[in-house]
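A.B. asks: Shown below is the structure under consideration.
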Amino acid sequence: MILSLDLPLFGIAILSFLGFVVCFCFRKSRTIQSEARGTNHGDICCIWKYDGRIAYEDIVNATNDFDMRYCIGTGGYGSVYRAQLPSGKVVALKKLHRLEAEDPAFDQCFRNEVQMLTNVRHKNIVRLYGFCLHNRCMFLVYEYMEKGSLFCALRFDAEASEIGWTKRVNIVKATAHALSYLHHDCNPPIVHRDISSNNILLNSQLEAFVADFGTARLLNPDSSNRTVIAGTYGYIAPELAYTMVMTEKCDVYSFGVVALETIMGKHPGDILSSLRSLPREHRMITDILDPRLPPPTNPIVAGNIVLVAKMAFACLCPEPRSRPTMLRLSQEFLSHKKALVAPLATVSLLHLWN
């Protein structure tokens, strides 16, 4: 009789316990999901996947809590670290330091880069693997580029000598294809606003990737697109100084500077300052090519060099509407297969400008 009374009570106790466990697990799951979506006034902590799960602890351990020994550079905002994860994969981390994170401008650039790179997919745009946006720690996780920036590769003689003419042409082409994608395949179009040799990264095969989207903006057709001047001195389109209007032709101008810099081996400041007098000059293209490389002798390679210079001068046209689109440039690079008939030394800058 006692047994018959205890069984129902025991069953009720079991059911109550199971119900408690289910409720606890459900509430914990909801809490984890909400933390992944956003906590602490909109801050986001994100866990991502890349050949296996990456945890926040993996990042901290791989950099010894972001020790400066792992720092490989400093960008427009934040420092970049190299981190080898437990899987053996190497990634690059861009981290805002505490003072930078407290600056609204840096914070906005950081979040803007996350927004842009999570929505773009192109083989010549650096890949974003994940991010952490938290008031105590903010960092982005990128594909690691072994050779660093194009700027650094051209600055040092040993590295510059490794980048032959064909690779230099391919760097220019890759940059053109990436910008064409941003301008013509994204809806709404994206204007990068800071195309420079510092923001063109090279992997171990010296393939080029456009990076640093902190100042990028969506081109809104229903807006005036007025903006403050952004970018790197020496690459900014001149019309921005008096129009303050952002267009895709601003990127086109910057691309022209980078294209010339790639084949010259240095920033083309003297060329930019003498564009108005260029028709009266009698310089040859061989006068401006990087002297650390022997002049190209292959007619196909020489033809590609001439094409890069010709397209670069078209991009530097003072009148923005007369500059080509990045789509047209990308198509020109894809279709061009002509060998140069005349000797390269006979091609003048005046001819290319015209």
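Residues in the structure tokens are numbered from 1 in each chain, the chains being A, B, ... in the order shown, and ligands are numbered from 1 in the order shown.
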Applying 8 Å and only C-alpha atoms, which residues near A:Ile59 remain after dropping the ones on its own chain fewer than 6 positions away? List them as a ChimeraX atom specification.

C.D. replies: /A:65,83,85

A.B. asks: Keeping all heavy atoms for every residue in the selection just given, could you write it to a file as a compact mmCIF listing (two decimals), in the first residue's frame?

C.D. replies:
```txt
# COMPACT_ATOMS: atom_id res chain seq x y z
N ASP A 65 47.97 37.24 -25.92
CA ASP A 65 47.14 38.39 -25.53
C ASP A 65 47.59 39.66 -26.26
O ASP A 65 47.77 40.72 -25.69
CB ASP A 65 47.19 38.62 -24.02
CG ASP A 65 46.03 39.49 -23.54
OD1 ASP A 65 45.08 39.69 -24.31
OD2 ASP A 65 46.10 39.97 -22.40
N ALA A 83 48.83 35.57 -36.43
CA ALA A 83 48.45 34.56 -35.44
C ALA A 83 48.37 33.19 -36.10
O ALA A 83 47.71 33.04 -37.14
CB ALA A 83 47.10 34.91 -34.81
N LEU A 85 46.89 29.59 -35.60
CA LEU A 85 45.85 28.94 -34.81
C LEU A 85 46.22 27.48 -34.52
O LEU A 85 47.13 26.94 -35.15
CB LEU A 85 44.52 29.03 -35.57
CG LEU A 85 44.06 30.46 -35.90
CD1 LEU A 85 42.84 30.44 -36.78
CD2 LEU A 85 43.80 31.23 -34.62
```

A.B. asks: May I have the residues within 8 Å of A:Ala345 as number ranges by chain, using only C-alpha atoms and disregarding those fewer than 3 positions away in the same chain?

C.D. replies: A: 284-286, 348

A.B. asks: Nearest residue to A:Ile171 out of A:Pro238, A:Val306, A:Phe333, A:Asp270, using only C-alpha atoms?

C.D. replies: A:Phe333

A.B. asks: Name the residues in contact with A:Tyr235 at a cut-off of 8 Å, using only C-alpha atoms, excluding same-chain residues fewer than 2 positions from it; report them as a PDB file with N, CA, C and O atoms, in the first residue's frame.

C.D. replies:
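Writing the result to selection-v8.pdb gives the following:
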```pdb
ATOM      1  N   ASP A 194      39.865  54.648 -50.624  1.00  0.00           N
ATOM      2  CA  ASP A 194      41.250  54.700 -50.148  1.00  0.00           C
ATOM      3  C   ASP A 194      42.112  53.684 -50.895  1.00  0.00           C
ATOM      4  O   ASP A 194      42.844  52.903 -50.288  1.00  0.00           O
ATOM      5  N   ILE A 195      42.012  53.704 -52.224  1.00  0.00           N
ATOM      6  CA  ILE A 195      42.866  52.832 -53.023  1.00  0.00           C
ATOM      7  C   ILE A 195      44.269  53.425 -53.058  1.00  0.00           C
ATOM      8  O   ILE A 195      44.480  54.540 -53.527  1.00  0.00           O
ATOM      9  N   SER A 196      45.223  52.683 -52.528  1.00  0.00           N
ATOM     10  CA  SER A 196      46.625  53.093 -52.519  1.00  0.00           C
ATOM     11  C   SER A 196      47.471  51.825 -52.475  1.00  0.00           C
ATOM     12  O   SER A 196      46.959  50.731 -52.235  1.00  0.00           O
ATOM     13  N   GLY A 231      40.964  59.174 -47.550  1.00  0.00           N
ATOM     14  CA  GLY A 231      41.926  58.521 -48.424  1.00  0.00           C
ATOM     15  C   GLY A 231      43.347  58.840 -48.019  1.00  0.00           C
ATOM     16  O   GLY A 231      43.610  59.429 -46.972  1.00  0.00           O
ATOM     17  N   THR A 232      44.286  58.465 -48.872  1.00  0.00           N
ATOM     18  CA  THR A 232      45.711  58.654 -48.613  1.00  0.00           C
ATOM     19  C   THR A 232      46.252  59.766 -49.498  1.00  0.00           C
ATOM     20  O   THR A 232      45.995  59.788 -50.707  1.00  0.00           O
ATOM     21  N   TYR A 233      46.977  60.683 -48.879  1.00  0.00           N
ATOM     22  CA  TYR A 233      47.523  61.809 -49.628  1.00  0.00           C
ATOM     23  C   TYR A 233      48.379  61.289 -50.796  1.00  0.00           C
ATOM     24  O   TYR A 233      49.202  60.414 -50.635  1.00  0.00           O
ATOM     25  N   ALA A 237      41.534  61.864 -55.588  1.00  0.00           N
ATOM     26  CA  ALA A 237      41.120  62.570 -56.804  1.00  0.00           C
ATOM     27  C   ALA A 237      41.036  64.069 -56.530  1.00  0.00           C
ATOM     28  O   ALA A 237      40.475  64.481 -55.505  1.00  0.00           O
ATOM     29  N   TYR A 253      40.558  57.369 -60.366  1.00  0.00           N
ATOM     30  CA  TYR A 253      41.769  58.203 -60.304  1.00  0.00           C
ATOM     31  C   TYR A 253      42.830  57.534 -59.425  1.00  0.00           C
ATOM     32  O   TYR A 253      44.004  57.430 -59.824  1.00  0.00           O
ATOM     33  N   SER A 254      42.421  57.080 -58.246  1.00  0.00           N
ATOM     34  CA  SER A 254      43.374  56.426 -57.337  1.00  0.00           C
ATOM     35  C   SER A 254      43.986  55.192 -57.978  1.00  0.00           C
ATOM     36  O   SER A 254      45.186  54.912 -57.806  1.00  0.00           O
ATOM     37  N   VAL A 257      46.840  56.121 -60.217  1.00  0.00           N
ATOM     38  CA  VAL A 257      48.077  56.391 -59.479  1.00  0.00           C
ATOM     39  C   VAL A 257      48.777  55.077 -59.124  1.00  0.00           C
ATOM     40  O   VAL A 257      49.992  54.931 -59.307  1.00  0.00           O
ATOM     41  N   VAL A 258      48.007  54.105 -58.619  1.00  0.00           N
ATOM     42  CA  VAL A 258      48.583  52.815 -58.223  1.00  0.00           C
ATOM     43  C   VAL A 258      49.154  52.080 -59.437  1.00  0.00           C
ATOM     44  O   VAL A 258      50.222  51.457 -59.352  1.00  0.00           O
TER      45      VAL A 258
END
```

A.B. asks: Based on DSSP run over this structure's backbone, return all residues of stretch 112-353 of chain A in strand (DSSP E or B), as a list of chain:residue names.

C.D. replies: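 Secondary structure check on stretch 112-353 of chain A, strand (DSSP E or B): A:Ile125, A:Leu128, A:Tyr129, A:Gly130, A:Phe131, A:Cys132, A:Leu133, A:Met138, A:Phe139, A:Leu140, A:Val141, A:Tyr142, A:Glu143, A:Gly148, A:Ser149, A:Ile190, A:Val191, A:Ile200, A:Leu201, A:Leu202, A:Ala208, A:Phe209, A:Val210, A:Arg217, A:Leu218, A:Arg226, A:Val245, A:Met284, A:Ser348.
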
A.B. asks: Would you list, as a ChimeraX atom specification, the residues of stretch 105-213 of chain A that end up in helix (DSSP H, G or I) under DSSP run on this structure's backbone?

C.D. replies: /A:105-117,150-155,157-162,165-184,197-199

A.B. asks: I'd like to know which of A:Val301, A:Met68, A:Leu260, A:Val252 is closest to A:Arg321, using only C-alpha atoms.

C.D. replies: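 Ranked by minimum distance to A:Arg321, first place goes to A:Val252.
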